[in-house]
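Asker: Got a file for you: data.json, JSON, C-alpha atoms.
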[["chain", "number", "residue", "atom", "x", "y", "z"],
["T", 1057, "MET", "CA", 56.80, -41.54, -20.20],
["T", 1058, "PRO", "CA", 56.15, -41.62, -23.98],
["T", 1059, "HIS", "CA", 54.84, -38.41, -25.50],
["T", 1060, "ASP", "CA", 51.62, -40.03, -26.73],
["T", 1061, "ARG", "CA", 51.03, -41.39, -23.21],
["T", 1062, "ILE", "CA", 51.43, -37.89, -21.79],
["T", 1063, "ALA", "CA", 48.90, -36.46, -24.23],
["T", 1064, "GLU", "CA", 46.46, -39.27, -23.44],
["T", 1065, "LEU", "CA", 46.85, -38.74, -19.70],
["T", 1066, "ILE", "CA", 46.28, -34.99, -19.62],
["T", 1067, "ALA", "CA", 43.60, -34.62, -22.32],
["T", 1068, "PRO", "CA", 40.63, -35.21, -19.95],
["T", 1069, "LEU", "CA", 42.08, -32.68, -17.50],
["T", 1070, "ARG", "CA", 42.24, -29.71, -19.86],
["T", 1071, "VAL", "CA", 39.55, -27.05, -19.60],
["T", 1072, "ARG", "CA", 38.42, -26.40, -23.15],
["T", 1073, "PRO", "CA", 38.59, -22.64, -23.84],
["T", 1074, "GLY", "CA", 35.10, -21.19, -24.16],
["T", 1075, "SER", "CA", 33.44, -23.97, -22.18],
["T", 1076, "LYS", "CA", 31.34, -23.39, -19.08],
["T", 1077, "VAL", "CA", 32.68, -25.28, -16.06],
["T", 1078, "ARG", "CA", 30.52, -26.67, -13.28],
["T", 1079, "LEU", "CA", 32.16, -28.01, -10.14],
["T", 1080, "PRO", "CA", 32.32, -30.73, -9.05],
["T", 1081, "LYS", "CA", 30.13, -32.13, -11.85],
["T", 1082, "ASP", "CA", 32.57, -31.64, -14.72],
["T", 1083, "PHE", "CA", 35.76, -32.78, -12.98],
["T", 1084, "ASP", "CA", 35.87, -35.69, -10.53],
["T", 1085, "PRO", "CA", 38.41, -35.12, -7.70],
["T", 1086, "GLY", "CA", 38.83, -38.89, -7.40],
["T", 1087, "TYR", "CA", 39.58, -39.54, -11.08],
["T", 1088, "THR", "CA", 42.65, -41.69, -11.84],
["T", 1089, "GLY", "CA", 42.02, -42.61, -15.47],
["T", 1090, "ASP", "CA", 43.25, -46.12, -16.16],
["T", 1091, "LEU", "CA", 46.07, -45.82, -13.60],
["T", 1092, "ILE", "CA", 44.60, -47.92, -10.82],
["T", 1093, "ASP", "CA", 47.95, -49.33, -9.67],
["T", 1094, "LYS", "CA", 49.79, -46.98, -7.32],
["T", 1095, "ALA", "CA", 53.08, -48.87, -7.78],
["T", 1096, "ALA", "CA", 52.91, -48.42, -11.56],
["T", 1097, "GLY", "CA", 52.01, -44.79, -10.95],
["T", 1098, "THR", "CA", 55.14, -44.30, -8.85],
["T", 1099, "GLU", "CA", 57.31, -45.61, -11.67],
["T", 1100, "LEU", "CA", 55.53, -43.33, -14.11],
["T", 1101, "LEU", "CA", 56.16, -40.32, -11.86],
["T", 1102, "GLN", "CA", 59.87, -41.14, -11.68],
["T", 1103, "ARG", "CA", 60.06, -41.16, -15.48],
["T", 1104, "GLY", "CA", 58.21, -37.87, -15.62],
["T", 1105, "VAL", "CA", 60.58, -36.29, -13.09],
["T", 1106, "ALA", "CA", 63.57, -37.48, -15.14],
["T", 1107, "MET", "CA", 62.10, -35.96, -18.31],
["T", 1108, "LEU", "CA", 61.44, -32.71, -16.47],
["T", 1109, "ALA", "CA", 65.04, -32.54, -15.26],
["T", 1110, "ASP", "CA", 66.32, -33.01, -18.82],
["T", 1111, "PHE", "CA", 64.00, -30.35, -20.22],
["T", 1112, "GLN", "CA", 64.93, -27.91, -17.46],
["T", 1113, "SER", "CA", 68.63, -28.34, -18.17],
["T", 1114, "ARG", "CA", 68.08, -27.59, -21.86],
["T", 1115, "LEU", "CA", 65.78, -24.66, -21.06],
["T", 1116, "ALA", "CA", 68.49, -23.05, -18.91],
["T", 1117, "ALA", "CA", 71.17, -23.63, -21.54],
["T", 1118, "GLN", "CA", 69.08, -22.22, -24.40],
["T", 1119, "HIS", "CA", 68.20, -19.15, -22.29],
["T", 1120, "THR", "CA", 65.45, -17.98, -24.64],
["T", 1121, "ASN", "CA", 62.14, -19.18, -23.21],
["T", 1122, "GLY", "CA", 60.86, -19.59, -19.68],
["T", 1123, "LEU", "CA", 58.05, -21.40, -17.89],
["T", 1124, "LEU", "CA", 55.55, -20.17, -15.32],
["T", 1125, "VAL", "CA", 53.67, -22.81, -13.31],
["T", 1126, "VAL", "CA", 50.56, -21.53, -11.53],
["T", 1127, "LEU", "CA", 49.24, -23.69, -8.68],
["T", 1128, "GLN", "CA", 45.81, -22.96, -7.25],
["T", 1129, "ALA", "CA", 43.89, -25.05, -4.74],
["T", 1130, "LEU", "CA", 41.85, -25.03, -1.59],
["T", 1131, "ASP", "CA", 43.54, -25.83, 1.72],
["T", 1132, "ALA", "CA", 45.02, -29.34, 2.07],
["T", 1133, "ALA", "CA", 44.79, -30.10, -1.66],
["T", 1134, "GLY", "CA", 48.52, -30.84, -1.84],
["T", 1135, "LYS", "CA", 50.24, -27.82, -3.40],
["T", 1136, "ASP", "CA", 53.44, -28.10, -1.33],
["T", 1137, "GLY", "CA", 53.69, -31.86, -1.86],
["T", 1138, "THR", "CA", 53.20, -31.45, -5.58],
["T", 1139, "ILE", "CA", 56.07, -28.97, -5.79],
["T", 1140, "ARG", "CA", 58.31, -31.15, -3.61],
["T", 1141, "HIS", "CA", 57.75, -34.38, -5.56],
["T", 1142, "VAL", "CA", 57.39, -33.14, -9.12],
["T", 1143, "MET", "CA", 60.39, -30.79, -8.98],
["T", 1144, "SER", "CA", 62.59, -33.22, -7.02],
["T", 1145, "GLY", "CA", 65.01, -33.83, -9.90],
["T", 1146, "VAL", "CA", 65.58, -30.31, -11.20],
["T", 1147, "ASN", "CA", 68.52, -28.00, -10.59],
["T", 1148, "PRO", "CA", 67.44, -25.60, -7.80],
["T", 1149, "GLN", "CA", 69.37, -22.79, -9.49],
["T", 1150, "GLY", "CA", 66.92, -22.81, -12.38],
["T", 1151, "VAL", "CA", 63.68, -22.90, -10.38],
["T", 1152, "ARG", "CA", 62.07, -20.18, -8.26],
["T", 1153, "VAL", "CA", 59.09, -20.86, -6.00],
["T", 1154, "HIS", "CA", 57.01, -17.90, -4.86],
["T", 1155, "SER", "CA", 54.29, -18.22, -2.22],
["T", 1156, "PHE", "CA", 51.98, -15.23, -2.10],
["T", 1157, "LYS", "CA", 50.61, -14.31, 1.31],
["T", 1158, "VAL", "CA", 48.58, -11.33, 2.49],
["T", 1159, "PRO", "CA", 49.63, -8.28, 0.42],
["T", 1160, "SER", "CA", 52.05, -5.84, 2.03],
["T", 1161, "ALA", "CA", 51.39, -2.10, 2.28],
["T", 1162, "GLU", "CA", 53.70, -1.51, -0.68],
["T", 1163, "GLU", "CA", 51.89, -4.13, -2.78],
["T", 1164, "LEU", "CA", 48.52, -2.59, -1.95],
["T", 1165, "ASP", "CA", 49.81, 0.71, -3.28],
["T", 1166, "HIS", "CA", 49.97, -0.82, -6.78],
["T", 1167, "ASP", "CA", 47.49, -2.45, -9.14],
["T", 1168, "PHE", "CA", 46.43, -5.99, -8.26],
["T", 1169, "LEU", "CA", 48.79, -7.66, -10.78],
["T", 1170, "TRP", "CA", 51.91, -5.71, -9.83],
["T", 1171, "ARG", "CA", 53.33, -8.02, -7.18],
["T", 1172, "TYR", "CA", 52.92, -11.04, -9.44],
["T", 1173, "ALA", "CA", 54.58, -9.34, -12.40],
["T", 1174, "THR", "CA", 57.69, -8.73, -10.28],
["T", 1175, "ARG", "CA", 58.08, -12.48, -9.66],
["T", 1176, "LEU", "CA", 57.81, -13.75, -13.24],
["T", 1177, "PRO", "CA", 60.57, -16.11, -14.44],
["T", 1178, "ALA", "CA", 63.61, -14.89, -16.33],
["T", 1179, "ARG", "CA", 64.54, -16.52, -19.62],
["T", 1180, "GLY", "CA", 65.85, -20.01, -18.97],
["T", 1181, "GLU", "CA", 64.02, -20.28, -15.66],
["T", 1182, "ILE", "CA", 60.99, -22.05, -14.26],
["T", 1183, "ALA", "CA", 58.95, -20.06, -11.76],
["T", 1184, "ILE", "CA", 56.25, -21.64, -9.62],
["T", 1185, "PHE", "CA", 53.49, -19.54, -8.11],
["T", 1186, "ASN", "CA", 52.17, -21.30, -5.01],
["T", 1187, "ARG", "CA", 48.90, -19.40, -5.09],
["T", 1188, "SER", "CA", 48.94, -16.61, -7.63],
["T", 1189, "HIS", "CA", 47.23, -13.66, -9.28],
["T", 1190, "TYR", "CA", 44.10, -15.83, -9.29],
["T", 1191, "GLU", "CA", 43.68, -15.17, -5.59],
["T", 1192, "GLU", "CA", 42.37, -11.80, -6.75],
["T", 1193, "VAL", "CA", 39.28, -13.47, -8.25],
["T", 1194, "LEU", "CA", 38.98, -16.21, -5.61],
["T", 1195, "VAL", "CA", 39.70, -15.14, -2.03],
["T", 1196, "VAL", "CA", 38.89, -11.51, -2.77],
["T", 1197, "ARG", "CA", 35.64, -12.57, -4.43],
["T", 1198, "VAL", "CA", 34.58, -14.81, -1.54],
["T", 1199, "HIS", "CA", 35.61, -12.07, 0.89],
["T", 1200, "PRO", "CA", 34.70, -8.86, -0.99],
["T", 1201, "GLU", "CA", 35.57, -6.78, 2.07],
["T", 1202, "LEU", "CA", 39.19, -7.32, 0.98],
["T", 1203, "LEU", "CA", 38.54, -4.90, -1.86],
["T", 1204, "ASP", "CA", 38.42, -2.16, 0.78],
["T", 1205, "ARG", "CA", 42.09, -2.82, 1.62],
["T", 1206, "GLN", "CA", 43.06, -2.42, -2.03],
["T", 1207, "ARG", "CA", 42.25, 1.30, -1.95],
["T", 1208, "LEU", "CA", 40.44, 1.21, -5.25],
["T", 1209, "PRO", "CA", 38.56, 4.23, -6.58],
["T", 1210, "GLN", "CA", 34.80, 3.82, -6.43],
["T", 1211, "GLN", "CA", 34.37, 3.19, -10.16],
["T", 1212, "ALA", "CA", 36.76, 0.23, -9.96],
["T", 1213, "ARG", "CA", 34.70, -1.40, -7.20],
["T", 1214, "THR", "CA", 31.32, -1.33, -8.89],
["T", 1215, "GLY", "CA", 29.74, -3.05, -11.86],
["T", 1216, "ALA", "CA", 31.33, -6.14, -13.43],
["T", 1217, "VAL", "CA", 34.43, -6.14, -11.20],
["T", 1218, "TRP", "CA", 35.23, -9.82, -11.66],
["T", 1219, "ARG", "CA", 34.65, -9.80, -15.40],
["T", 1220, "ARG", "CA", 37.08, -6.91, -15.71],
["T", 1221, "ARG", "CA", 39.64, -8.77, -13.61],
["T", 1222, "PHE", "CA", 39.25, -11.91, -15.73],
["T", 1223, "GLN", "CA", 39.96, -9.80, -18.81],
["T", 1224, "ALA", "CA", 42.94, -8.10, -17.17],
["T", 1225, "ILE", "CA", 44.40, -11.48, -16.25],
["T", 1226, "ASN", "CA", 43.86, -12.84, -19.77],
["T", 1227, "ASN", "CA", 45.62, -9.80, -21.23],
["T", 1228, "PHE", "CA", 48.45, -10.13, -18.70],
["T", 1229, "GLU", "CA", 48.98, -13.77, -19.61],
["T", 1230, "ARG", "CA", 48.76, -13.02, -23.34],
["T", 1231, "HIS", "CA", 51.60, -10.54, -22.92],
["T", 1232, "ILE", "CA", 53.67, -13.13, -21.01],
["T", 1233, "THR", "CA", 53.21, -15.84, -23.64],
["T", 1234, "ASP", "CA", 53.85, -13.41, -26.49],
["T", 1235, "SER", "CA", 57.20, -12.67, -24.83],
["T", 1236, "GLY", "CA", 58.30, -16.32, -25.04],
["T", 1237, "PHE", "CA", 57.11, -17.74, -21.74],
["T", 1238, "ARG", "CA", 54.82, -20.77, -21.44],
["T", 1239, "ILE", "CA", 52.18, -20.77, -18.70],
["T", 1240, "VAL", "CA", 51.01, -23.98, -17.03],
["T", 1241, "LYS", "CA", 47.94, -23.48, -14.85],
["T", 1242, "LEU", "CA", 47.03, -26.29, -12.46],
["T", 1243, "PHE", "CA", 43.97, -26.36, -10.22],
["T", 1244, "LEU", "CA", 44.34, -29.14, -7.65],
["T", 1245, "ASN", "CA", 40.74, -30.26, -7.28],
["T", 1246, "VAL", "CA", 40.12, -31.87, -3.88],
["T", 1247, "SER", "CA", 36.74, -33.09, -2.62],
["T", 1248, "LYS", "CA", 35.18, -31.76, 0.55],
["T", 1249, "GLU", "CA", 35.37, -35.16, 2.23],
["T", 1250, "GLU", "CA", 39.04, -35.66, 1.38],
["T", 1251, "GLN", "CA", 39.83, -32.17, 2.64],
["T", 1252, "ARG", "CA", 38.08, -33.05, 5.91],
["T", 1253, "LYS", "CA", 40.28, -36.15, 6.31],
["T", 1254, "ARG", "CA", 43.47, -34.21, 5.61],
["T", 1255, "LEU", "CA", 42.58, -31.43, 8.04],
["T", 1256, "LEU", "CA", 41.90, -34.06, 10.72],
["T", 1257, "ALA", "CA", 45.30, -35.62, 9.98],
["T", 1258, "ARG", "CA", 46.91, -32.23, 10.59],
["T", 1259, "ILE", "CA", 45.34, -32.24, 14.04],
["T", 1260, "ASP", "CA", 45.92, -35.91, 14.90],
["T", 1261, "ARG", "CA", 49.53, -36.25, 13.73],
["T", 1262, "PRO", "CA", 52.05, -34.19, 15.76],
["T", 1263, "GLU", "CA", 54.40, -33.78, 12.79],
["T", 1264, "LYS", "CA", 51.55, -32.12, 10.88],
["T", 1265, "ASN", "CA", 50.24, -29.87, 13.67],
["T", 1266, "TRP", "CA", 52.23, -26.91, 12.38],
["T", 1267, "LYS", "CA", 50.24, -27.02, 9.13],
["T", 1268, "PHE", "CA", 46.89, -26.55, 10.82],
["T", 1269, "SER", "CA", 45.31, -23.14, 11.19],
["T", 1270, "ALA", "CA", 41.90, -22.21, 12.52],
["T", 1271, "ALA", "CA", 41.58, -20.12, 9.37],
["T", 1272, "ASP", "CA", 41.46, -23.36, 7.37],
["T", 1273, "LEU", "CA", 38.22, -24.31, 9.10],
["T", 1274, "ARG", "CA", 36.75, -20.86, 8.60],
["T", 1275, "GLU", "CA", 37.54, -20.99, 4.88],
["T", 1276, "ARG", "CA", 36.00, -24.46, 4.68],
["T", 1277, "GLY", "CA", 32.76, -22.86, 5.78],
["T", 1278, "HIS", "CA", 32.77, -21.01, 2.44],
["T", 1279, "TRP", "CA", 33.10, -24.22, 0.41],
["T", 1280, "ARG", "CA", 30.14, -23.55, -1.88],
["T", 1281, "GLN", "CA", 31.24, -19.99, -2.62],
["T", 1282, "TYR", "CA", 34.75, -21.17, -3.46],
["T", 1283, "GLN", "CA", 33.44, -23.88, -5.78],
["T", 1284, "GLN", "CA", 31.48, -21.24, -7.68],
["T", 1285, "ALA", "CA", 34.43, -18.84, -7.76],
["T", 1286, "TYR", "CA", 36.74, -21.56, -9.08],
["T", 1287, "ALA", "CA", 34.17, -22.62, -11.69],
["T", 1288, "ASP", "CA", 33.88, -19.02, -12.95],
["T", 1289, "MET", "CA", 37.67, -18.65, -12.95],
["T", 1290, "LEU", "CA", 38.08, -21.81, -15.06],
["T", 1291, "THR", "CA", 35.28, -20.73, -17.40],
["T", 1292, "HIS", "CA", 36.60, -17.24, -18.07],
["T", 1293, "THR", "CA", 40.39, -17.67, -17.98],
["T", 1294, "SER", "CA", 41.12, -20.98, -19.72],
["T", 1295, "THR", "CA", 42.48, -19.70, -23.03],
["T", 1296, "GLU", "CA", 44.27, -21.21, -26.00],
["T", 1297, "HIS", "CA", 47.54, -19.55, -24.97],
["T", 1298, "ALA", "CA", 47.17, -20.40, -21.26],
["T", 1299, "PRO", "CA", 44.65, -23.22, -20.64],
["T", 1300, "TRP", "CA", 43.74, -24.56, -17.23],
["T", 1301, "HIS", "CA", 44.20, -28.20, -16.27],
["T", 1302, "VAL", "CA", 42.07, -29.52, -13.42],
["T", 1303, "ILE", "CA", 44.19, -32.03, -11.50],
["T", 1304, "PRO", "CA", 42.20, -34.64, -9.51],
["T", 1305, "ALA", "CA", 43.69, -34.28, -6.02],
["T", 1306, "ASP", "CA", 41.96, -36.90, -3.86],
["T", 1307, "HIS", "CA", 44.76, -39.38, -4.64],
["T", 1308, "LYS", "CA", 48.09, -37.66, -4.11],
["T", 1309, "TRP", "CA", 50.04, -40.22, -6.14],
["T", 1310, "PHE", "CA", 47.87, -39.56, -9.20],
["T", 1311, "SER", "CA", 47.77, -35.78, -8.81],
["T", 1312, "ARG", "CA", 51.57, -35.68, -8.85],
["T", 1313, "ILE", "CA", 51.76, -37.80, -11.99],
["T", 1314, "ALA", "CA", 49.18, -35.60, -13.71],
["T", 1315, "ALA", "CA", 50.92, -32.36, -12.68],
["T", 1316, "ALA", "CA", 54.28, -33.67, -13.91],
["T", 1317, "ALA", "CA", 52.70, -34.74, -17.21],
["T", 1318, "VAL", "CA", 51.20, -31.29, -17.87],
["T", 1319, "ILE", "CA", 54.51, -29.54, -17.10],
["T", 1320, "VAL", "CA", 56.53, -31.96, -19.23],
["T", 1321, "ASN", "CA", 54.06, -31.50, -22.09],
["T", 1322, "ALA", "CA", 54.50, -27.72, -21.93],
["T", 1323, "LEU", "CA", 58.30, -28.01, -21.97],
["T", 1324, "ASP", "CA", 58.09, -30.46, -24.84],
["T", 1325, "GLY", "CA", 56.13, -27.79, -26.70],
["T", 1326, "ILE", "CA", 59.02, -25.37, -26.18],
["T", 1327, "ASP", "CA", 61.50, -28.12, -27.13],
["T", 1328, "PRO", "CA", 64.58, -26.27, -25.80],
["T", 1329, "GLN", "CA", 67.92, -27.28, -27.28],
["T", 1330, "TYR", "CA", 71.51, -26.99, -26.14],
["T", 1331, "PRO", "CA", 73.26, -24.18, -28.07],
["T", 1332, "VAL", "CA", 75.38, -25.29, -31.03],
["T", 1333, "LEU", "CA", 78.79, -23.65, -31.18],
["T", 1334, "ASP", "CA", 79.95, -21.99, -34.37],
["T", 1335, "THR", "CA", 83.16, -22.96, -36.16],
["T", 1336, "ARG", "CA", 85.31, -20.40, -34.36],
["T", 1337, "ALA", "CA", 84.09, -21.44, -30.92],
["T", 1338, "ARG", "CA", 84.68, -25.13, -31.70],
["T", 1339, "ARG", "CA", 88.20, -24.34, -32.89],
["T", 1340, "GLU", "CA", 88.90, -22.49, -29.63],
["T", 1341, "LEU", "CA", 87.65, -25.49, -27.67],
["T", 1342, "GLN", "CA", 90.02, -27.77, -29.52],
["T", 1343, "GLU", "CA", 92.91, -25.39, -28.81],
["T", 1344, "VAL", "CA", 92.07, -25.42, -25.11],
["T", 1345, "ARG", "CA", 91.77, -29.19, -25.18],
["T", 1346, "GLY", "CA", 95.18, -29.50, -26.75],
["T", 1347, "ALA", "CA", 96.72, -27.18, -24.16],
["T", 1348, "LEU", "CA", 95.22, -29.18, -21.30],
["T", 1349, "GLU", "CA", 96.35, -32.49, -22.73],
["T", 1350, "ASN", "CA", 99.93, -31.21, -23.16],
["T", 1351, "GLU", "CA", 100.32, -30.00, -19.58]]
Could you render the structure as structure tokens?
Answerer:
Amino acid sequence: MPHDRIAELIAPLRVRPGSKVRLPKDFDPGYTGDLIDKAAGTELLQRGVAMLADFQSRLAAQHTNGLLVVLQALDAAGKDGTIRHVMSGVNPQGVRVHSFKVPSAEELDHDFLWRYATRLPARGEIAIFNRSHYEEVLVVRVHPELLDRQRLPQQARTGAVWRRRFQAINNFERHITDSGFRIVKLFLNVSKEEQRKRLLARIDRPEKNWKFSAADLRERGHWRQYQQAYADMLTHTSTEHAPWHVIPADHKWFSRIAAAAVIVNALDGIDPQYPVLDTRARRELQEVRGALENE
């Protein structure tokens, strides 16, 4: 996947910092650009996966920078499949996937960003957040009663709560990037009709039954509120140092290509390199080589 092709592919998906986002008007869940051939798309994905594997190997060897991939989406948008396909070629030792569920009692005893901060990547690593700190301005916003469980003082639960959280998240991410870690933020944008089809498939296909939960249907009933919450999230937290990319998710083959392209582009921006040994270290290697050859 040539670098100019990557830039061309992901440019329409980037949320311009400072812009106001309206969903679904501004981003079409069915968009595939000029990639109308699924077979060609599969080949493109394979090239992207190979590039990602190479970058990840160099990132681990350099051991200076790290990468955080944030995945947000409504139910059935394809988060798990995206992780499985896009990261299929990387060394598992250098990748950590964290799925954030309902907060534990210990996590509720801390500020809302604490549990996410404890799962950030180390230098040389890629960490993937399958759902993330953005749940705190999405699910909690759609279900404000969840604020009660967070044991916040009264002054923290009144006024511009969500604006303050947007600012806290932006500051949190600024600190992360200033410390040498790139952040890739991907919103898998699925349409309501495509979600309906995928939820039905979870019911109709026995091998997918385990994925279905009655809670999925209840959350679908809040579709409009979620669209507004996501639009506000994209509007207020797409920054120059950590921009959002809205990945069209109605066609899984395209969403995986697009996700891979955004991640590869971020790693290309880091441009990690294998360490170069100094003269002494190279001399020691040659001595070891000679000893092995003379055995």
Asker: Output as JSON lines one row per residue of range 1230-1283 of chain T within 8 Å of range 1075-1097 of chain T: the closest atom pair and its distance in Å to one decimal place, counting only C-alpha atoms, sorted by chain and residue number ascending.
Answerer:
{"residue": "T:Asn1245", "atom": "CA", "partner": "T:Pro1085", "partner_atom": "CA", "distance": 5.4}
{"residue": "T:Val1246", "atom": "CA", "partner": "T:Pro1085", "partner_atom": "CA", "distance": 5.3}
{"residue": "T:Ser1247", "atom": "CA", "partner": "T:Pro1085", "partner_atom": "CA", "distance": 5.7}
{"residue": "T:Gln1283", "atom": "CA", "partner": "T:Leu1079", "partner_atom": "CA", "distance": 6.1}
Asker: If you count only C-alpha atoms, which residues fall within 12 Å of Arg1230 in chain T, apart from same-chain ones fewer than 5 positions away, as a list in words?
Answerer: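 Skipping anything fewer than 5 positions along the chain leaves Gln1223, Ala1224, Ile1225, Ser1235, Gly1236, Phe1237, Arg1238, Ile1239, Thr1293, Ser1294, Thr1295, Glu1296, His1297, Ala1298 and Pro1299 of chain T.
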Asker: Identify which of the residues T:Ile1139, T:Ile1326, T:Leu1127, T:Leu1203 lies closest to Tyr1190 in chain T, counting only C-alpha atoms when measuring atom-to-atom distances.
Answerer: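 Using only C-alpha atoms, Tyr1190 in chain T sits closest to T:Leu1127.
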Asker: What is the distance between CA of Arg1274 in chain T and CA of Asp1131 in chain T, in Å to one decimal?
Answerer: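 These atoms are spaced 10.9 Å apart.
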Asker: Up to 10 Å from (74.2, -26.3, -23.8) in the file's coordinates: name the residues, counting only C-alpha atoms, as a count of residues only.
Answerer: 13
Asker: Which of these residues is nearest to Ala1063 in chain T, using all atoms listed in the file: T:Val1318, T:Leu1323, T:Leu1348, T:Val1240?
Answerer: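 Using all atoms listed in the file, Ala1063 in chain T sits closest to T:Val1318.
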Asker: Go through T:Ile1313, T:Ile1259, T:Ala1173, T:Arg1345 one by one, measure the shortest atom-to-atom distance of each to Glu1229 in chain T using all atoms listed in the file, and give the residue with the smallest value.
Answerer: T:Ala1173
